[in-house]
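Colleague: Handing you a structure now.
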Amino acid sequence: MTKSALQIARAAYQPKLPKALLGPVVAKEGEPTQSVADQEAIQKLFPNTYGMPLIQFVPGEAKSFAPMNVGVILSGGQAPGGHNVISGLFDGIKKLNPANKLYGFILGPGGLVDHNYKELTADIIDEYRNTGGFDIIGSGRTKLEKEDQFEKGYEILKELGIKALVIIGGDDSNTNACVLAEYYAAKKYGIQVIGCPKTIDGDLKNEMIETSFGFDTACKTYAEVIGNIERDCNSARKYWHFIKLMGRSASHIALECALQTQPNICIISEEVEAKNMSLDDVVTYIAKAVAARAAEGNNFGIVLIPEGLIEFIPAMKRLIAELNDFLAANGEEFATIAPNKQREYIISKLSAENAAIYASLPEGVARQLSLDRDPHGNVQVSLIETEKLLSEMVGKKLAEWKKEGKFVGKFSAQHHFFGYEGRCAAPSNFDADYCYSLGYTASMLIANGKTGYMSSVRNTTAPAAEWIAGGVPITMMMNMERRHGEMKPVIQKALVKLDGAPFKAFAAVRDTWAKETAYVYPGPIQYFGPTEVCDQPTKTLQLEQTK
Ligand code: FBP
């Protein structure tokens, strides 16, 4: 296989580990834990894995360990550093006993259920160290939630003599990992389940999990390209660039990219919801900034938009909910309506308030709202071209203002959507080190007989040597939420906190950024050079950790 010069150089990188993990360790147990909310309900659902203590690994005596086999699964969307979690896990178990074996289940949780796996040997692992992607075993979105899936999984785990399974995933996959841990513990199958916090979205974080892996690299990759666009924008001075960023519901990626690049505007969905803003309010906010810049002769700018925005506009949320219910009940009849009559048909069926909003939407967006549904019957918001919706509506408003003499400039828009570009980027030093440490920590949790824990590495704004490695009971992060009409135990999703330091830092300067051209050009991720260039964590993490 041909490799780039950087790939070859990067393969030789030895990720940094917390000092405490360099030799033999002992698990120091903290106080018993409680779930973040709904303690009684969660305890009842997880009698075997509730209330366990926090774990911290500290240097200890060398011990010998009987040989064991371990399984690993990559679950959900790709995030930079997944291969390093696996190489950390591999090196960790090999250090415990060189006879230990690691099996990877192919294409996500489905591989466990379908008994599709391969042994990950040293030469395979070496090919993937410090690389982006999940292609070592592939990933998938099969949900592990039913008893028959757990039993099918048990069959193959037993057959391969696997003592512990590591599930690398986001909040939902780790919730399912915990349900699986509880199930195997209740059945006394003797199989441990350990989770690792993955997602570029940055929404799996809490007191004990400072950040999910991949967020750092993905944001730096998007910020590099946003910076490039800013420079192009400031050179040509003729376009407004509307840039949508991945991240599902949470706006962490958009906020982090804004902190790194200082665009003219960044919309934060959580704020839009808190202020009960309408779509027109968001459009007016952008149009005013465009008009103010135009008055100074600046007919250009950058707008960042989080992909989940539409769901956070209360009126749109109500429209989407009614559309979901209506199409779920009348999908067959709807399918018989000629495409050019579908818009009118929907307008005639919705409540007056929602019909008026639907009628005001540009054709393309209205069609997307009525067509694309996920397997649960929900609109796939990431497919909605919010960047085009907003720029089209801003354009219309500015045309009206022009007639009234309130807008004196020109408005021409370009559109971008950044998501897949960053999910498989080669991990930054931060993610390479963090992921390797998470994987290595998972092996220590396994060696210490733990189940229902998430691998945790903290103090991550300090140099890697000072990071604190341990485990957090997954039940500690759970609460009860309504999902598809039923109350379910789930890991609490972390949205952007409007009273948190990263948002406050942004809010304090955004008016200046809107008016002035204050762009910052972060440039590409660096691996060779001074530590302030190569090893800095995200601004979000730095601001959150500032005491
Ligand atoms: P998860 O880490 O939660 O799986 O999501 C990552 C993500 O990139 C989201 O930001 C995005 O909305 C979604 O995956 C896209 O899904 P898909 O990969 O199926 O297109």
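We label chains A, B, ... in the order they appear in the structure tokens, count residues from 1 in each chain, and number ligands from 1 in the order shown.
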Per residue of chain A within 7 Å of ligand 1, which atom pair is closest and at what distance in Å (one decimal), using only C-alpha atoms and all ligand atoms, listed by chain and increasing number, as a tab-separated table?

Modeller:
```
residue	atom	partner	partner_atom_place_in_ligand_line	distance
A:Gly76	CA	ligand 1	4 (O)	3.8
A:Gly77	CA	ligand 1	4 (O)	3.5
A:Gln78	CA	ligand 1	2 (O)	6.4
A:Ala79	CA	ligand 1	2 (O)	6.8
A:Gly169	CA	ligand 1	2 (O)	6.9
A:Gly170	CA	ligand 1	3 (O)	5.3
A:Lys198	CA	ligand 1	2 (O)	6.4
A:Thr199	CA	ligand 1	2 (O)	3.8
A:Ile200	CA	ligand 1	2 (O)	5.8
A:Asp201	CA	ligand 1	10 (O)	5.3
A:Met246	CA	ligand 1	10 (O)	4.4
A:Gly247	CA	ligand 1	10 (O)	3.7
A:Arg248	CA	ligand 1	12 (O)	4.3
A:Ser382	CA	ligand 1	12 (O)	5.5
A:Gly419	CA	ligand 1	8 (O)	6.3
A:Tyr420	CA	ligand 1	8 (O)	6.9
A:Arg423	CA	ligand 1	8 (O)	6.7
```

Colleague: I need the residues of range 372-472 of chain A that end up classed as alpha helix (DSSP H) by DSSP on the backbone, written out as a count of residues only.

Modeller: 41

Colleague: Taking a cut-off of 6 Å and counting only C-alpha atoms, can you build a table that, for each residue of range 440-508 of chain A near range 10-26 of chain A, reports the nearest atom pair and how far apart they are in Å (one decimal), sorted by chain then residue number, as CSV?

Modeller:
```
residue,atom,partner,partner_atom,distance
A:Ala464,CA,A:Pro18,CA,5.4
A:Ala465,CA,A:Pro18,CA,4.2
A:Glu466,CA,A:Pro18,CA,5.7
A:Trp467,CA,A:Pro18,CA,5.0
```

Colleague: Could you name the residues that touch Val290 in chain A at 8 Å or less, counting only C-alpha atoms, but leaving out those on the same chain fewer than 4 positions away, as an NGL selection string?

Modeller: :A and (286 or 294 or 299-301)

Colleague: Kindly export the residues of the current selection with N, CA, C and O atoms, as a PDB file, in the first residue's frame.

Modeller:
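As written to disk, result33.pdb reads:
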```pdb
ATOM      1  N   ILE A 286     -29.107  38.067  11.164  1.00  0.00           N
ATOM      2  CA  ILE A 286     -28.027  37.973  10.163  1.00  0.00           C
ATOM      3  C   ILE A 286     -28.108  39.164   9.201  1.00  0.00           C
ATOM      4  O   ILE A 286     -27.097  39.819   8.904  1.00  0.00           O
ATOM      5  N   ALA A 294     -22.356  46.332   5.123  1.00  0.00           N
ATOM      6  CA  ALA A 294     -22.502  46.952   3.796  1.00  0.00           C
ATOM      7  C   ALA A 294     -22.398  48.479   3.910  1.00  0.00           C
ATOM      8  O   ALA A 294     -21.810  49.143   3.050  1.00  0.00           O
ATOM      9  N   ASN A 299     -19.057  44.220   1.706  1.00  0.00           N
ATOM     10  CA  ASN A 299     -20.118  43.324   1.231  1.00  0.00           C
ATOM     11  C   ASN A 299     -19.665  41.866   1.297  1.00  0.00           C
ATOM     12  O   ASN A 299     -19.805  41.115   0.340  1.00  0.00           O
ATOM     13  N   PHE A 300     -19.071  41.503   2.397  1.00  0.00           N
ATOM     14  CA  PHE A 300     -18.598  40.114   2.549  1.00  0.00           C
ATOM     15  C   PHE A 300     -18.624  39.732   4.028  1.00  0.00           C
ATOM     16  O   PHE A 300     -18.641  40.605   4.906  1.00  0.00           O
ATOM     17  N   GLY A 301     -18.617  38.433   4.255  1.00  0.00           N
ATOM     18  CA  GLY A 301     -18.610  37.972   5.645  1.00  0.00           C
ATOM     19  C   GLY A 301     -18.762  36.463   5.746  1.00  0.00           C
ATOM     20  O   GLY A 301     -18.896  35.756   4.737  1.00  0.00           O
TER      21      GLY A 301
END
```

Colleague: Of the candidates A:Ile162, A:Met393, A:Ala5, A:Met316, which shows the shortest atom-to-atom distance to Glu363 in chain A, using only C-alpha atoms?

Modeller: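 Looking only at the distances to Glu363 in chain A, the closest residue turns out to be A:Met393.
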
Colleague: So that I can check the surroundings of Gly439 in chain A, please list as a list in words every protein, DNA and RNA residue that reaches within 6 Å of it, counting only C-alpha atoms and ignoring chain neighbours fewer than 6 positions away.

Modeller: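 Residues meeting the cut-off are Val85, Ile86, Gly88 and Leu89 of chain A.
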
Colleague: Can you write just those residues out, N, CA and C atoms, as a short mmCIF file (atom, residue, chain, number, x, y, z; two decimals), in the first residue's frame?

Modeller:
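This went into out-v7.cif:
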```
data_model
loop_
_atom_site.label_atom_id
_atom_site.label_comp_id
_atom_site.auth_asym_id
_atom_site.auth_seq_id
_atom_site.Cartn_x
_atom_site.Cartn_y
_atom_site.Cartn_z
N VAL A 85 -7.44 4.36 20.09
CA VAL A 85 -8.08 3.72 21.25
C VAL A 85 -7.78 2.21 21.15
N ILE A 86 -7.93 1.69 19.93
CA ILE A 86 -7.71 0.25 19.75
C ILE A 86 -6.23 -0.09 19.97
N GLY A 88 -4.10 1.50 21.90
CA GLY A 88 -3.84 1.62 23.34
C GLY A 88 -4.36 0.40 24.09
N LEU A 89 -5.55 -0.04 23.68
CA LEU A 89 -6.15 -1.23 24.30
C LEU A 89 -5.28 -2.46 24.03
#
```

Colleague: Any idea what's packed within 12 Å of Met277 in chain A, counting only C-alpha atoms, ignoring anything in its chain fewer than 2 positions away? Could you give it as a list of chain:residue names?

Modeller: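 Listing them by chain and then by number gives A:Ile267, A:Ile268, A:Ser269, A:Glu270, A:Glu271, A:Val272, A:Glu273, A:Ala274, A:Lys275, A:Leu279, A:Asp280, A:Asp281, A:Val282, A:Val283, A:Thr284, A:Tyr285, A:Leu309, A:Ile310, A:Glu311, A:Phe312, A:Ile313, A:Pro314, A:Ala315, A:Met316, A:Lys317.
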
Colleague: Next, dump the selected residues to file, keeping only N, CA and C atoms, as a PDB file, in the first residue's frame.

Modeller:
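This went into part-v1.pdb:
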```pdb
ATOM      1  N   ILE A 267     -24.286  31.253  14.783  1.00  0.00           N
ATOM      2  CA  ILE A 267     -25.573  31.007  15.451  1.00  0.00           C
ATOM      3  C   ILE A 267     -25.384  29.849  16.420  1.00  0.00           C
ATOM      4  N   ILE A 268     -25.913  29.979  17.625  1.00  0.00           N
ATOM      5  CA  ILE A 268     -25.852  28.894  18.614  1.00  0.00           C
ATOM      6  C   ILE A 268     -27.291  28.426  18.872  1.00  0.00           C
ATOM      7  N   SER A 269     -27.582  27.189  18.484  1.00  0.00           N
ATOM      8  CA  SER A 269     -28.965  26.690  18.557  1.00  0.00           C
ATOM      9  C   SER A 269     -29.542  26.812  19.956  1.00  0.00           C
ATOM     10  N   GLU A 270     -28.723  26.478  20.960  1.00  0.00           N
ATOM     11  CA  GLU A 270     -29.220  26.481  22.339  1.00  0.00           C
ATOM     12  C   GLU A 270     -29.683  27.877  22.738  1.00  0.00           C
ATOM     13  N   GLU A 271     -29.028  28.916  22.212  1.00  0.00           N
ATOM     14  CA  GLU A 271     -29.422  30.290  22.524  1.00  0.00           C
ATOM     15  C   GLU A 271     -30.721  30.657  21.789  1.00  0.00           C
ATOM     16  N   VAL A 272     -30.809  30.186  20.546  1.00  0.00           N
ATOM     17  CA  VAL A 272     -32.017  30.454  19.761  1.00  0.00           C
ATOM     18  C   VAL A 272     -33.237  29.902  20.496  1.00  0.00           C
ATOM     19  N   GLU A 273     -33.085  28.702  21.038  1.00  0.00           N
ATOM     20  CA  GLU A 273     -34.200  28.094  21.776  1.00  0.00           C
ATOM     21  C   GLU A 273     -34.486  28.871  23.064  1.00  0.00           C
ATOM     22  N   ALA A 274     -33.407  29.184  23.802  1.00  0.00           N
ATOM     23  CA  ALA A 274     -33.600  29.868  25.084  1.00  0.00           C
ATOM     24  C   ALA A 274     -34.277  31.220  24.894  1.00  0.00           C
ATOM     25  N   LYS A 275     -33.982  31.881  23.782  1.00  0.00           N
ATOM     26  CA  LYS A 275     -34.576  33.209  23.551  1.00  0.00           C
ATOM     27  C   LYS A 275     -35.882  33.110  22.771  1.00  0.00           C
ATOM     28  N   LEU A 279     -37.723  31.790  13.123  1.00  0.00           N
ATOM     29  CA  LEU A 279     -36.819  31.735  11.972  1.00  0.00           C
ATOM     30  C   LEU A 279     -36.568  33.165  11.479  1.00  0.00           C
ATOM     31  N   ASP A 280     -37.641  33.955  11.488  1.00  0.00           N
ATOM     32  CA  ASP A 280     -37.509  35.346  11.030  1.00  0.00           C
ATOM     33  C   ASP A 280     -36.560  36.140  11.942  1.00  0.00           C
ATOM     34  N   ASP A 281     -36.583  35.839  13.248  1.00  0.00           N
ATOM     35  CA  ASP A 281     -35.655  36.536  14.159  1.00  0.00           C
ATOM     36  C   ASP A 281     -34.196  36.217  13.783  1.00  0.00           C
ATOM     37  N   VAL A 282     -33.942  34.930  13.485  1.00  0.00           N
ATOM     38  CA  VAL A 282     -32.574  34.525  13.134  1.00  0.00           C
ATOM     39  C   VAL A 282     -32.168  35.217  11.835  1.00  0.00           C
ATOM     40  N   VAL A 283     -33.082  35.222  10.861  1.00  0.00           N
ATOM     41  CA  VAL A 283     -32.811  35.839   9.561  1.00  0.00           C
ATOM     42  C   VAL A 283     -32.559  37.349   9.734  1.00  0.00           C
ATOM     43  N   THR A 284     -33.380  37.985  10.552  1.00  0.00           N
ATOM     44  CA  THR A 284     -33.229  39.437  10.778  1.00  0.00           C
ATOM     45  C   THR A 284     -31.883  39.739  11.441  1.00  0.00           C
ATOM     46  N   TYR A 285     -31.508  38.874  12.391  1.00  0.00           N
ATOM     47  CA  TYR A 285     -30.224  39.057  13.087  1.00  0.00           C
ATOM     48  C   TYR A 285     -29.067  39.043  12.071  1.00  0.00           C
ATOM     49  N   LEU A 309     -29.749  23.440  14.027  1.00  0.00           N
ATOM     50  CA  LEU A 309     -30.459  24.702  14.308  1.00  0.00           C
ATOM     51  C   LEU A 309     -31.985  24.596  14.168  1.00  0.00           C
ATOM     52  N   ILE A 310     -32.401  24.020  13.062  1.00  0.00           N
ATOM     53  CA  ILE A 310     -33.832  24.037  12.732  1.00  0.00           C
ATOM     54  C   ILE A 310     -34.693  23.445  13.857  1.00  0.00           C
ATOM     55  N   GLU A 311     -34.143  22.401  14.507  1.00  0.00           N
ATOM     56  CA  GLU A 311     -34.886  21.741  15.590  1.00  0.00           C
ATOM     57  C   GLU A 311     -35.032  22.618  16.829  1.00  0.00           C
ATOM     58  N   PHE A 312     -34.188  23.634  16.938  1.00  0.00           N
ATOM     59  CA  PHE A 312     -34.176  24.465  18.143  1.00  0.00           C
ATOM     60  C   PHE A 312     -35.011  25.737  18.002  1.00  0.00           C
ATOM     61  N   ILE A 313     -35.514  25.967  16.783  1.00  0.00           N
ATOM     62  CA  ILE A 313     -36.390  27.125  16.607  1.00  0.00           C
ATOM     63  C   ILE A 313     -37.771  26.641  17.037  1.00  0.00           C
ATOM     64  N   PRO A 314     -38.278  27.148  18.164  1.00  0.00           N
ATOM     65  CA  PRO A 314     -39.488  26.542  18.723  1.00  0.00           C
ATOM     66  C   PRO A 314     -40.617  26.340  17.707  1.00  0.00           C
ATOM     67  N   ALA A 315     -40.870  27.349  16.850  1.00  0.00           N
ATOM     68  CA  ALA A 315     -41.979  27.217  15.904  1.00  0.00           C
ATOM     69  C   ALA A 315     -41.702  26.111  14.877  1.00  0.00           C
ATOM     70  N   MET A 316     -40.409  25.976  14.467  1.00  0.00           N
ATOM     71  CA  MET A 316     -40.050  24.923  13.503  1.00  0.00           C
ATOM     72  C   MET A 316     -40.185  23.555  14.157  1.00  0.00           C
ATOM     73  N   LYS A 317     -39.842  23.511  15.435  1.00  0.00           N
ATOM     74  CA  LYS A 317     -39.936  22.260  16.186  1.00  0.00           C
ATOM     75  C   LYS A 317     -41.394  21.770  16.183  1.00  0.00           C
TER      76      LYS A 317
END
```

Colleague: What is the CA of Ala177 in chain A to CA of Ile125 in chain A distance in Å?

Modeller: 23.9 Å
